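To keep things clear, I will list the structure first and then write my remarks on it.
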Amino acid sequence: MRRMKKYPFREIEQKWQKYWEENRTFRAVEDPSVPKERRRYVLDMFPYPSAAGLHVGHPEGYTATDIYCRFLRMKGYNVLHPMGFDSFGLPAENYAVQTGTHPRTTTEANIRRFREQIKSLGFSYDWDREVSTHEADYYRWTQWIFLKLWEQGLAYVAEIPMWYCEALGTVLANEEVLATPEGPRSERGNHPVERRPLRQWMLRITQYADRLLEGLEGLDWPESIKAMQRNWIGRSEGANVRFTVADGATGSASTREIEVYTTRPDTLFGATYMVLAPEHALVAQVTTPEHAGEVRAYVEAARLKSDLERTELNRDKTGVFTGAFAINPVNGKEIPIWISDYILVSYGTGAIMAVPGHDERDWEFAQQFGLPITKVVARTPQEDPAEPLREATPQYGFAVNSGEFDGLPTEEFKDRIIAWLEERKIGERTVNYKLRDWIFSRQRYWGEPIPLVNCEGEFVPIPLDQLPLTLPEVERYTPTGTGESPLAAVTEWVECECPDGSGKKGKRETNTMPQWAGSCWYYLRYLDPKNDRALADRDKIDYWMPVDLYVGGAEHAVLHLLYARFWHKVLYDIGVVNTDEPFLRLVNQGMILGEGGQKMSKSLGNVINPDVVVQKFGADSMRVYEMFMGPLRQEKPWSTQGLTGVFRFLDRVWRLTERPLSAKAAPEELLRLLHKTIRKVSNDTNELAFNTAISQMMILVNELYRYETRPREIWDPFVRLLAPYAPHIAEELWEMMGKAAPVSLAPWPEYREELTRDEQVTVVLQVNGKVRSRMEVPAGTDKATLQTAAAQNERIQEYTGGRSVLKVIVVPDKLVNFVVN
RNA sequence: GCGAGAGUGGUGAAAUUGGUAGACACGCCAGAUUUAGGAUCUGGUGCCGUACGGCGUAAGGGUUCGAGUCCCUUCUCUCGCACCA
């Protein structure tokens, strides 16, 4: 036998997973003696337990947080690190529609599989805190929060045009609809969606728009995610201005007004026409009889236009004249009123004043229909106001052709004109948002029932102490297609007594909540998962919250992460939680691509199954490889070759045990390398720079191979450094060394600063910035000595000989540079 | 178009404050070993050149003794938003 068998990762991994489970090694306890600054709440985005099982993307983020948590525990922190399942959702229900299998059955089977797969990777979760959002004990509190929102006036029913998805049989929130080249599509499943006027439950997230925006400032989140949220909220400042409709052709006096929203009230003098959205309420009223036919036809065409056509890029502007005129309040001029579908009824007031000189869209429209263009903003105060515009100039500048306001810079003009409008009560400063209220109800079965009863037209909440309102069993899961959920067919569930005790007959709300509801607050339930008196005990909330580090994919930028922040702020306002924001620091792990660098997908056949990897190479190899691939936040392609490289590393670590442990002092060189390694691994792990930490451990292992024996002085701290990364093999090595398990809770090694500094350093000798030679000197050698020694160097003399030295740059421990002519 | 980010060997990637570009790993080449193990061990491996040397971090310019790193211009790619007045 020349060498031992390949390291027995299967036995080792099973052994230690069993050990951790039996000993509940990673149970988190609220120990009051640990001060707040020594506690950490590290959270993973919990998975939706799909039928496909775990994919290699899941373990990436989970491994990162796991290493970080294990590191923190060894550093003496009290760490909360839980896991659970986002288990309501459409796939299980769609499967139920096809097969008749209860979604609970498939969901729970999937959860068992996920849990097993996650456990097979050796993550240090406190499994006592596991939650699943579909369980009545959990959604009882989701319903409780909904009723709190209702009490606060933040939940209401409205009939507005909603995104409806035929394929999913339900309405969707704005956030769940994507604009694609094929038109609007559902975020889940990529099905076509269309707008339909429907009556649905809404949550007043817009009331929190400003706070959701401001709250971003203090968060340690990726700039891109913050930008996406800001963009989605879309706050803009401007003014509403009311224009009087001029007497029409009929000559009758009119007091009708049209209100517009503009972010450029300073361009009011340049408003040469007005445009209403086709759906605007005043369209019919202002239209003159001779234009009525044309207008009616345009409105009808706009209504029938598919969303594909309406969202198509760069299409030409269309519109028709109503025959009516409005009076521009600043100069009394009559301006024509048009309608066009480039104006959205849902934004601002659904009407605009058009300033073609300084807005590209208005310019385009004016060109199309030959409407007048007036210049009211000049680039410089010297510019000739009469010089015509060649294109729309939206940039700020100085007012021209604006009467008494001429010469004012844009910023100042805005304030002046708003004051002017407010004085005359024809307008006021206004803030607008792109953010719309959250369409919250779904016409589906597999979700939390909304705990309200319709008692003769009035909604009455189910008393909090009677929650949960559980999902009834149904015959069929198929969406009705009539805008009602399958629950509507369960007569004995729908018909009930009014919960207010009046004895009136009531009908239960049959819509359910969207999948986002459960994930809006799951991080709070982990704190106290079995509590039946509150969603979580306030002391436990105070003990752990807010979440210190939240790791997950970037795909939830404006869905989950915005909704959860909204609910959290409401919970804060009613005194349930201790902070205004739930997640202090957010890190998005980069996607793992297939071997060819493309997205993993079934159709490309490049999907890597983590089960197979664990089976063939072990959990430790999987973990270390996923972290060694590259920076956590970066997208990176999978490489089976790379995986075997990591496997070889762990195998080499294992084979080092063939060499006898030695109690003798380690060679100084090795000791110095150890202390450098401790420093680098500590710093890098703390910064989630796992790839470079692993490199450093590889360097140490390579070096250890140069010695016949394994100095205990090196081996012991090395095993501890390795423990967060490859915990199974580390536990085994720890035990083999005769130490008491578990290494997972052993103290993190400390480094001695003086041993991390080299005694001898290589100083580079340069001539005109080019490296010509090197020399070894003791660290800290002073400048003068370095310069003298360098000047005597043969190679340097060759290059400096016969030339005059203009300057010498000496950087101690780094270089000496001779500047010659 | 707007917003965010990224461009370094054949590949994944390293590189305090500007100070030896390419650590570590894969792959490849040569050798040792002959074991059938996604083997192991030793050495080599940015490009051009026999060599002295020269050239190299998307391209061009600038600051500096010195630039992957700082500044300007341009190009490419990824992601997000997209008629939001």
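Residues in the structure tokens are numbered from 1 in each chain, the chains being A, B, ... in the order shown, and ligands are numbered from 1 in the order shown.
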
*May I ask you to extract the residues of chain B within 10 Å of chain A, using only C-alpha atoms (C1' of nucleotides), and to give them as a ChimeraX atom specification?*
/B:3-6,11-14,19-20,23-27,35,37-40,65-66,78-85

*Please provide the set of residues having any atom within 8 Å of region 458-463 of chain A, restricted to only C-alpha atoms (C1' of nucleotides), with same-chain residues fewer than 4 positions apart removed, written as a list in words.*
Leu147, Pro451, Leu452, Val453, Asn454, Leu467, Cys498, Pro499 and Asp500 of chain A

*Write out as a PyMOL selection string the residues lying within 9 Å of C70 (chain B), counting only C-alpha atoms (C1' of nucleotides) and excluding same-chain residues fewer than 3 positions away.*
chain B and resi 18+63+67

The selected residues should be written to file as a PDB file, in the first residue's frame (atoms: all heavy atoms).
ATOM      1  P     G B  18      -3.645  55.242  -3.439  1.00  0.00           P
ATOM      2  OP1   G B  18      -2.513  56.075  -2.984  1.00  0.00           O
ATOM      3  OP2   G B  18      -4.556  55.739  -4.503  1.00  0.00           O
ATOM      4  O5'   G B  18      -3.034  53.839  -3.912  1.00  0.00           O
ATOM      5  C5'   G B  18      -3.611  53.126  -4.967  1.00  0.00           C
ATOM      6  C4'   G B  18      -2.532  52.674  -5.925  1.00  0.00           C
ATOM      7  O4'   G B  18      -2.199  53.787  -6.803  1.00  0.00           O
ATOM      8  C3'   G B  18      -1.240  52.256  -5.249  1.00  0.00           C
ATOM      9  O3'   G B  18      -0.679  51.185  -5.985  1.00  0.00           O
ATOM     10  C2'   G B  18      -0.360  53.487  -5.415  1.00  0.00           C
ATOM     11  O2'   G B  18       1.026  53.193  -5.409  1.00  0.00           O
ATOM     12  C1'   G B  18      -0.811  53.973  -6.793  1.00  0.00           C
ATOM     13  N9    G B  18      -0.523  55.372  -7.053  1.00  0.00           N
ATOM     14  C8    G B  18      -0.808  56.464  -6.274  1.00  0.00           C
ATOM     15  N7    G B  18      -0.403  57.585  -6.805  1.00  0.00           N
ATOM     16  C5    G B  18       0.186  57.197  -8.013  1.00  0.00           C
ATOM     17  C6    G B  18       0.799  57.966  -9.015  1.00  0.00           C
ATOM     18  O6    G B  18       0.956  59.179  -9.051  1.00  0.00           O
ATOM     19  N1    G B  18       1.254  57.171 -10.065  1.00  0.00           N
ATOM     20  C2    G B  18       1.131  55.812 -10.134  1.00  0.00           C
ATOM     21  N2    G B  18       1.634  55.227 -11.208  1.00  0.00           N
ATOM     22  N3    G B  18       0.561  55.072  -9.198  1.00  0.00           N
ATOM     23  C4    G B  18       0.117  55.838  -8.175  1.00  0.00           C
ATOM     24  P     U B  63       0.683  64.512 -18.709  1.00  0.00           P
ATOM     25  OP1   U B  63       1.336  65.835 -18.814  1.00  0.00           O
ATOM     26  OP2   U B  63       1.373  63.290 -19.195  1.00  0.00           O
ATOM     27  O5'   U B  63       0.258  64.285 -17.199  1.00  0.00           O
ATOM     28  C5'   U B  63      -0.427  65.315 -16.483  1.00  0.00           C
ATOM     29  C4'   U B  63      -0.747  64.845 -15.087  1.00  0.00           C
ATOM     30  O4'   U B  63      -1.667  63.727 -15.159  1.00  0.00           O
ATOM     31  C3'   U B  63       0.439  64.280 -14.310  1.00  0.00           C
ATOM     32  O3'   U B  63       1.233  65.309 -13.735  1.00  0.00           O
ATOM     33  C2'   U B  63      -0.261  63.419 -13.264  1.00  0.00           C
ATOM     34  O2'   U B  63      -0.794  64.211 -12.217  1.00  0.00           O
ATOM     35  C1'   U B  63      -1.418  62.836 -14.081  1.00  0.00           C
ATOM     36  N1    U B  63      -1.071  61.505 -14.631  1.00  0.00           N
ATOM     37  C2    U B  63      -1.227  60.411 -13.801  1.00  0.00           C
ATOM     38  O2    U B  63      -1.619  60.505 -12.651  1.00  0.00           O
ATOM     39  N3    U B  63      -0.890  59.204 -14.349  1.00  0.00           N
ATOM     40  C4    U B  63      -0.418  58.978 -15.623  1.00  0.00           C
ATOM     41  O4    U B  63      -0.158  57.834 -15.976  1.00  0.00           O
ATOM     42  C5    U B  63      -0.282  60.162 -16.432  1.00  0.00           C
ATOM     43  C6    U B  63      -0.607  61.345 -15.923  1.00  0.00           C
ATOM     44  P     A B  67       3.156  54.001 -14.870  1.00  0.00           P
ATOM     45  OP1   A B  67       3.030  53.051 -15.995  1.00  0.00           O
ATOM     46  OP2   A B  67       2.939  55.438 -15.077  1.00  0.00           O
ATOM     47  O5'   A B  67       2.207  53.553 -13.675  1.00  0.00           O
ATOM     48  C5'   A B  67       2.170  52.219 -13.210  1.00  0.00           C
ATOM     49  C4'   A B  67       0.735  51.753 -13.097  1.00  0.00           C
ATOM     50  O4'   A B  67       0.002  52.717 -12.302  1.00  0.00           O
ATOM     51  C3'   A B  67       0.011  51.660 -14.433  1.00  0.00           C
ATOM     52  O3'   A B  67      -0.935  50.603 -14.368  1.00  0.00           O
ATOM     53  C2'   A B  67      -0.707  52.984 -14.537  1.00  0.00           C
ATOM     54  O2'   A B  67      -1.844  52.932 -15.324  1.00  0.00           O
ATOM     55  C1'   A B  67      -1.079  53.227 -13.075  1.00  0.00           C
ATOM     56  N9    A B  67      -1.259  54.629 -12.721  1.00  0.00           N
ATOM     57  C8    A B  67      -0.888  55.741 -13.416  1.00  0.00           C
ATOM     58  N7    A B  67      -1.206  56.871 -12.835  1.00  0.00           N
ATOM     59  C5    A B  67      -1.827  56.459 -11.659  1.00  0.00           C
ATOM     60  C6    A B  67      -2.387  57.168 -10.592  1.00  0.00           C
ATOM     61  N6    A B  67      -2.416  58.503 -10.518  1.00  0.00           N
ATOM     62  N1    A B  67      -2.938  56.459  -9.582  1.00  0.00           N
ATOM     63  C2    A B  67      -2.897  55.127  -9.648  1.00  0.00           C
ATOM     64  N3    A B  67      -2.389  54.345 -10.597  1.00  0.00           N
ATOM     65  C4    A B  67      -1.872  55.087 -11.580  1.00  0.00           C
TER      66        A B  67
END

*asked:* Residues within 12 Å of region 507-509 of chain A, please, as an MDAnalysis selection string. Count only C-alpha atoms (C1' of nucleotides); anything in the same chain fewer than 3 positions from it doesn't count.
replied: chainID A and resid 157 200:201 441:443 448:462 469:472 484:499 504 512:513

*asked:* Could you pull out the helix (DSSP H, G or I) residues of region 605-701 of chain A, going by DSSP on the backbone, and write them as a ChimeraX atom specification?
replied: /A:610-617,619-628,640-658,668-686,690-701
